[in-house]
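Peer 1: So I've got this file, data_7.cif, and it contains mmCIF, C-alpha atoms:
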```cif
data_entry
#
loop_
_atom_site.label_atom_id
_atom_site.label_comp_id
_atom_site.auth_asym_id
_atom_site.auth_seq_id
_atom_site.Cartn_x
_atom_site.Cartn_y
_atom_site.Cartn_z
CA MET A 29 0.71 17.38 7.19
CA THR A 30 0.36 13.63 7.46
CA SER A 31 3.40 11.55 6.68
CA HIS A 32 5.04 8.15 6.81
CA ARG A 33 8.77 8.39 7.40
CA PRO A 34 10.09 4.96 8.36
CA ASP A 35 13.55 4.39 9.79
CA THR A 36 14.59 3.06 6.38
CA LEU A 37 15.10 6.69 5.28
CA GLU A 38 17.71 7.45 7.91
CA HIS A 39 20.66 7.14 5.53
CA ALA A 40 18.91 7.99 2.27
CA PRO A 41 20.42 10.74 0.09
CA LEU A 42 16.99 12.33 -0.35
CA GLY A 43 17.01 15.99 0.63
CA ARG A 44 20.77 16.16 1.16
CA ASP A 45 23.36 18.08 -0.77
CA SER A 46 25.06 15.40 -2.86
CA ALA A 47 27.76 16.02 -5.44
CA TYR A 48 27.02 14.43 -8.77
CA PRO A 49 29.14 11.34 -9.30
CA GLU A 50 32.00 11.49 -11.77
CA HIS A 51 31.85 7.77 -12.53
CA TYR A 52 29.39 4.90 -12.68
CA ASP A 53 28.67 3.46 -9.24
CA ALA A 54 25.90 0.90 -8.68
CA GLY A 55 26.32 1.43 -4.94
CA LEU A 56 24.55 4.80 -5.23
CA LEU A 57 21.15 3.11 -5.56
CA TYR A 58 19.26 3.26 -2.26
CA PRO A 59 16.59 0.57 -1.79
CA ILE A 60 13.71 1.15 0.63
CA PRO A 61 11.69 -1.84 1.88
CA ARG A 62 8.07 -1.44 0.81
CA ALA A 63 6.80 -3.26 3.89
CA ALA A 64 7.52 -0.34 6.23
CA ASN A 65 5.13 1.94 4.36
CA ARG A 66 2.55 -0.75 3.63
CA ALA A 67 2.13 -1.83 7.24
CA PRO A 68 0.11 1.30 8.26
CA LEU A 69 -2.31 0.48 5.41
CA GLY A 70 -2.79 -3.09 6.62
CA ILE A 71 -1.11 -4.52 3.51
CA SER A 72 0.57 -7.88 4.04
CA GLU A 73 3.62 -8.66 1.94
CA GLU A 74 2.60 -12.32 1.99
CA ALA A 75 -0.77 -11.65 0.36
CA LEU A 76 -0.77 -8.40 -1.62
CA PRO A 77 -4.30 -7.26 -2.55
CA PHE A 78 -3.08 -5.96 -5.91
CA VAL A 79 -0.86 -6.46 -8.90
CA GLY A 80 1.00 -3.59 -10.50
CA GLU A 81 4.17 -1.81 -11.51
CA ASP A 82 6.07 1.39 -10.91
CA GLU A 83 6.83 2.90 -14.32
CA TRP A 84 9.64 5.45 -14.44
CA HIS A 85 10.93 7.68 -17.23
CA ALA A 86 14.43 9.17 -17.12
CA PHE A 87 14.91 12.19 -19.36
CA GLU A 88 18.50 13.02 -18.39
CA LEU A 89 20.27 9.84 -19.49
CA SER A 90 23.58 10.06 -21.32
CA TRP A 91 26.74 8.01 -21.70
CA LEU A 92 29.82 7.82 -23.95
CA ASN A 93 30.18 5.37 -26.80
CA ALA A 94 33.35 3.34 -27.26
CA ARG A 95 35.01 6.30 -29.03
CA GLY A 96 34.07 8.81 -26.34
CA LYS A 97 31.18 10.47 -28.19
CA PRO A 98 28.15 11.30 -26.01
CA VAL A 99 24.87 9.48 -26.59
CA VAL A 100 21.52 10.59 -25.16
CA ALA A 101 18.27 8.69 -24.71
CA VAL A 102 15.08 8.56 -22.69
CA ALA A 103 14.71 5.44 -20.55
CA ARG A 104 11.54 3.70 -19.41
CA PHE A 105 11.84 1.43 -16.39
CA ARG A 106 9.24 -0.98 -15.03
CA LEU A 107 9.64 -2.18 -11.46
CA PRO A 108 7.11 -4.78 -10.22
CA ALA A 109 4.89 -3.89 -7.28
CA ASP A 110 5.69 -7.20 -5.59
CA SER A 111 9.42 -6.41 -5.42
CA PRO A 112 10.65 -6.24 -1.80
CA ASN A 113 12.04 -2.72 -2.32
CA LEU A 114 11.35 0.48 -4.13
CA ILE A 115 14.32 2.64 -5.08
CA GLU A 116 14.63 6.14 -3.68
CA SER A 117 14.43 8.66 -6.52
CA LYS A 118 17.37 10.93 -5.77
CA SER A 119 19.70 7.93 -5.45
CA TRP A 120 18.36 6.74 -8.81
CA LYS A 121 19.13 10.14 -10.35
CA LEU A 122 22.66 10.16 -8.91
CA TYR A 123 23.22 6.63 -10.18
CA LEU A 124 22.12 7.56 -13.71
CA ASN A 125 24.37 10.62 -13.71
CA GLY A 126 27.30 8.31 -13.08
CA PHE A 127 27.00 7.18 -16.70
CA ASN A 128 27.66 10.66 -18.09
CA GLN A 129 31.41 10.01 -18.47
CA THR A 130 31.22 6.22 -18.71
CA ARG A 131 32.18 4.51 -21.97
CA LEU A 132 29.98 1.64 -23.12
CA GLU A 133 30.25 -0.58 -26.17
CA SER A 134 26.58 -0.38 -27.10
CA ARG A 135 23.04 0.52 -26.06
CA GLU A 136 22.54 -3.16 -25.24
CA ALA A 137 25.46 -3.02 -22.82
CA LEU A 138 23.81 -0.10 -21.05
CA ILE A 139 20.46 -1.90 -20.85
CA ASP A 140 22.13 -5.01 -19.42
CA THR A 141 23.93 -2.93 -16.79
CA LEU A 142 20.82 -0.98 -15.82
CA GLU A 143 18.66 -4.09 -15.55
CA ALA A 144 21.22 -5.93 -13.43
CA ASP A 145 21.85 -3.03 -11.02
CA LEU A 146 18.21 -2.04 -10.60
CA ALA A 147 17.11 -5.65 -10.11
CA ALA A 148 19.74 -6.08 -7.39
CA ALA A 149 18.43 -2.99 -5.58
CA ALA A 150 14.74 -3.79 -6.03
CA GLY A 151 15.07 -7.48 -5.29
CA ALA A 152 13.15 -8.40 -8.46
CA PRO A 153 13.59 -8.14 -12.25
CA VAL A 154 13.37 -4.61 -13.69
CA THR A 155 12.80 -4.04 -17.40
CA VAL A 156 14.50 -1.21 -19.30
CA GLU A 157 13.63 0.34 -22.68
CA LEU A 158 15.57 3.11 -24.39
CA PHE A 159 13.97 5.67 -26.71
CA GLY A 160 15.33 8.39 -28.94
CA VAL A 161 14.44 11.86 -27.74
CA ASP A 162 12.11 12.35 -30.73
CA ASP A 163 10.49 8.92 -30.53
CA ALA A 164 6.74 9.03 -31.22
CA ALA A 165 6.18 6.70 -28.26
CA LEU A 166 6.97 9.65 -25.97
CA ALA A 167 4.34 11.97 -27.44
CA PRO A 168 1.90 13.35 -24.83
CA GLN A 169 -1.56 11.80 -24.66
CA ARG A 170 -4.74 12.27 -22.64
CA LEU A 171 -6.09 10.10 -19.89
CA PRO A 172 -9.17 8.10 -20.90
CA GLY A 173 -12.55 8.46 -19.19
CA ASP A 174 -14.42 11.33 -17.55
CA CYS A 175 -12.53 14.15 -15.84
CA LEU A 176 -13.80 15.13 -12.39
CA ASP A 177 -12.06 18.49 -12.17
CA ASP A 178 -14.94 20.74 -13.29
CA LEU A 179 -17.20 19.59 -10.45
CA ASP A 180 -18.20 22.66 -8.40
CA ILE A 181 -17.47 21.42 -4.88
CA GLU A 182 -16.48 22.95 -1.58
CA VAL A 183 -13.31 21.52 -0.05
CA ASN A 184 -11.99 22.01 3.47
CA ASP A 185 -10.16 18.75 4.16
CA TYR A 186 -6.57 18.24 3.01
CA THR A 187 -5.73 15.09 4.97
CA PRO A 188 -6.59 11.72 3.41
CA SER A 189 -9.95 10.50 4.65
CA ALA A 190 -11.82 7.52 3.23
CA GLU A 191 -15.00 9.01 4.75
CA HIS A 192 -15.35 11.05 1.56
CA LEU A 193 -15.88 7.87 -0.46
CA VAL A 194 -19.58 7.12 -0.88
CA VAL A 195 -21.19 4.56 -3.17
CA GLY A 196 -24.69 4.00 -4.51
CA GLU A 197 -26.58 0.81 -5.27
CA ALA A 198 -26.24 0.80 -9.06
CA ILE A 199 -23.46 -1.39 -10.48
CA VAL A 200 -21.46 0.46 -13.12
CA GLU A 201 -18.28 0.12 -15.12
CA GLU A 202 -16.52 3.42 -15.69
CA THR A 203 -13.20 5.23 -15.95
CA LEU A 204 -12.63 8.52 -14.12
CA HIS A 205 -9.63 10.78 -13.74
CA SER A 206 -8.42 13.97 -12.09
CA HIS A 207 -5.41 16.23 -12.53
CA LEU A 208 -5.78 17.70 -9.03
CA LEU A 209 -3.65 15.12 -7.22
CA LYS A 210 -0.90 16.61 -5.11
CA SER A 211 1.14 15.01 -2.36
CA ASN A 212 4.47 15.93 -0.81
CA CYS A 213 7.92 14.37 -0.54
CA PRO A 214 8.12 12.50 2.79
CA VAL A 215 11.42 14.15 3.73
CA THR A 216 11.84 17.50 1.95
CA GLY A 217 8.16 18.42 1.82
CA GLN A 218 8.50 19.46 -1.83
CA PRO A 219 5.25 19.19 -3.79
CA ASP A 220 4.63 16.22 -6.05
CA TRP A 221 2.02 17.06 -8.70
CA GLY A 222 0.14 14.36 -10.53
CA SER A 223 -2.89 13.01 -12.32
CA VAL A 224 -4.80 9.93 -11.22
CA LEU A 225 -6.97 7.48 -13.15
CA ILE A 226 -9.53 5.18 -11.54
CA ARG A 227 -11.16 2.40 -13.53
CA TYR A 228 -13.60 0.09 -11.80
CA ARG A 229 -16.64 -2.14 -12.01
CA GLY A 230 -18.85 -2.10 -8.92
CA PRO A 231 -21.19 0.14 -6.92
CA ARG A 232 -21.23 3.62 -8.43
CA LEU A 233 -18.84 6.03 -6.74
CA ASP A 234 -20.20 9.44 -5.82
CA ARG A 235 -18.08 11.68 -8.03
CA GLU A 236 -18.05 14.71 -5.76
CA GLY A 237 -16.98 12.57 -2.81
CA LEU A 238 -14.29 10.91 -4.90
CA LEU A 239 -12.87 14.27 -5.98
CA ARG A 240 -12.84 15.51 -2.37
CA TYR A 241 -11.02 12.33 -1.41
CA LEU A 242 -8.34 12.78 -4.08
CA ILE A 243 -7.87 16.44 -3.15
CA SER A 244 -7.46 15.42 0.50
CA TYR A 245 -3.94 14.17 -0.31
CA ARG A 246 -2.84 17.77 -0.86
CA GLN A 247 -0.89 18.02 2.41
CA HIS A 248 -0.05 14.32 2.74
CA GLN A 249 3.62 13.32 2.78
CA ASP A 250 4.48 9.95 1.26
CA PHE A 251 6.12 8.32 -1.72
CA HIS A 252 4.25 8.26 -5.02
CA GLU A 253 4.01 4.48 -4.90
CA HIS A 254 2.41 4.40 -1.47
CA CYS A 255 -0.04 7.20 -2.23
CA VAL A 256 -1.37 5.03 -5.05
CA GLU A 257 -1.54 2.03 -2.73
CA HIS A 258 -3.35 4.16 -0.13
CA ILE A 259 -5.94 5.21 -2.71
CA PHE A 260 -6.32 1.64 -3.95
CA THR A 261 -6.83 0.12 -0.49
CA ASP A 262 -9.33 2.81 0.55
CA LEU A 263 -11.38 2.33 -2.62
CA LEU A 264 -11.25 -1.45 -2.26
CA ALA A 265 -12.44 -1.30 1.35
CA ARG A 266 -15.13 1.37 0.95
CA ALA A 267 -16.57 0.54 -2.49
CA ARG A 268 -15.84 -3.21 -2.70
CA PRO A 269 -15.63 -3.18 -6.51
CA GLU A 270 -15.43 -6.35 -8.56
CA ARG A 271 -12.51 -4.87 -10.47
CA LEU A 272 -10.33 -1.86 -9.73
CA LEU A 273 -7.37 -0.07 -11.27
CA VAL A 274 -5.67 3.00 -9.79
CA MET A 275 -2.92 4.67 -11.80
CA ALA A 276 -1.09 7.93 -11.07
CA ARG A 277 1.05 9.87 -13.53
CA TYR A 278 3.29 12.19 -11.53
CA VAL A 279 4.97 15.25 -13.01
CA ARG A 280 8.70 14.81 -13.52
CA ARG A 281 11.11 16.19 -10.95
CA GLY A 282 14.87 16.07 -11.33
CA GLY A 283 14.57 14.52 -14.77
CA LEU A 284 12.50 11.58 -13.51
CA ASP A 285 8.79 10.91 -13.51
CA ILE A 286 7.11 8.07 -11.60
CA SER A 287 3.82 6.50 -12.65
CA PRO A 288 2.71 3.69 -10.34
CA TRP A 289 -0.39 1.58 -10.97
CA ARG A 290 -2.15 -0.98 -8.79
CA GLY A 291 -5.03 -3.22 -9.80
CA THR A 292 -7.03 -6.21 -8.72
CA PRO A 293 -5.66 -9.45 -10.19
CA GLY A 294 -6.20 -9.54 -13.95
CA GLU A 295 -6.24 -5.77 -14.39
CA THR A 296 -3.79 -4.06 -16.74
CA PRO A 297 -3.26 -0.33 -17.28
CA PRO A 298 -3.91 1.57 -20.50
CA LEU A 299 -1.11 1.31 -23.02
CA PRO A 300 2.03 3.19 -21.92
CA LEU A 301 1.25 6.88 -22.11
CA ARG A 302 2.75 10.16 -21.02
CA LEU A 303 0.80 13.28 -20.16
CA ALA A 304 1.69 16.81 -21.23
CA ARG A 305 2.87 17.69 -17.71
CA GLN A 306 5.27 14.77 -17.68
#
```
Would you write out, as structure tokens, the structure that this file holds?
Peer 2:
Amino acid sequence: MTSHRPDTLEHAPLGRDSAYPEHYDAGLLYPIPRAANRAPLGISEEALPFVGEDEWHAFELSWLNARGKPVVAVARFRLPADSPNLIESKSWKLYLNGFNQTRLESREALIDTLEADLAAAAGAPVTVELFGVDDAALAPQRLPGDCLDDLDIEVNDYTPSAEHLVVGEAIVEETLHSHLLKSNCPVTGQPDWGSVLIRYRGPRLDREGLLRYLISYRQHQDFHEHCVEHIFTDLLARARPERLLVMARYVRRGGLDISPWRGTPGETPPLPLRLARQ
């Protein structure tokens, strides 16, 4: 397996047996500097080649109202890609569980607390939305564009290699996606399943080569956010598109799903959407 495990993970709770907190504690959030994982990709923090966000959904969010009655909701968080830190997912889960027996005056009070704590950990503003568990905004949707997964290809490479990426001379504008993305947690090795969308304008990508490239992450160990940045930087270097968007929708684990996107300046992702596997 290929992996990036910087020293910043030395004290992270990821992969350890951690008792769930009985009370709210903002100190449970564990920030990880993005720079340590970006350096191997040649990404400079002073001049990022992309814009983007990390979109999270939390499905196990609950707290007590002022009278002690439980309230449940689904939360959507948006953390900017230019924040100095990402937040390690297990620490995020432990932090959210600290609200289970915490009394709050209102939903607005919870949002204010979440935004303040997460911004302090990320080093940049984080937006929070709360949804009812039956909210139509959470209904599963499909990724736009053409799916690559029915291509009949032979695969024997499961380590990321940009050599699979081949382009032609024709300039096209198209949206492609695959549900065959799989990477692995950089510490525990647990599988992270996902779908990936690529929208671009530039020299036509060879679809079979692109699918082989995406499948080549199957034994790669890294965070969701940096897998997306790896894909983005490889496509940018090999295909040199005029415009590019890479978005991954990872399957939830531990009540959290992570959906990072990175794009050339001016790009925006499709409207917020969740897939059936999320």
Peer 1: Of the candidates A:Asp220, A:Glu201, A:Glu73, A:Asp250, which one gets nearest to Leu233 of chain A if we count only C-alpha atoms?
Peer 2: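 For Leu233 of chain A, the nearest of the given residues is A:Glu201.
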Peer 1: Determine the residue membership of the PyMOL selection byres ((chain A and resi 239) around 10) for the file above and supply it as number ranges by chain.
Peer 2: A: 175-179, 181, 183, 192-193, 204-206, 208-209, 234-238, 240-244
Peer 1: Can you work out which one of A:Leu303, A:Leu89, A:Ala190, A:Val79 has the shortest atom-to-atom distance to Leu272 of chain A, counting only C-alpha atoms?
Peer 2: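 Looking at the shortest contact to Leu272 of chain A, the residue is A:Val79.
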Peer 1: Take atom CA of Glu270 of chain A and atom CA of Glu197 of chain A and report the distance between them in Å, one decimal.
Peer 2: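 Those two atoms sit 13.7 Å apart.
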Peer 1: The PyMOL selection byres ((chain A and resi 120-137) around 7) - which residues does that actually catch in the file I just gave you? List them as a PyMOL selection string.
Peer 2: chain A and resi 48-54+56-57+89-94+96+115-119+138-141
Peer 1: Taking all atoms listed in the file into account, which of A:Pro269, A:Cys255, A:Gly55, A:Gln249 comes nearest Ala198 of chain A?
Peer 2: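 Ranked by minimum distance to Ala198 of chain A, first place goes to A:Pro269.
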Peer 1: Measuring atom to atom with all atoms listed in the file, identify which of A:His252, A:Gly294, A:Phe159, A:Leu273 is nearest to Glu202 of chain A.
Peer 2: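 The answer is A:Leu273, which sits nearest to Glu202 of chain A.
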Peer 1: Can you turn the PyMOL selection byres ((chain A and resi 105) around 7) into a concrete residue list for this file, as number ranges by chain?
Peer 2: A: 83-85, 103-104, 106-107, 154-157
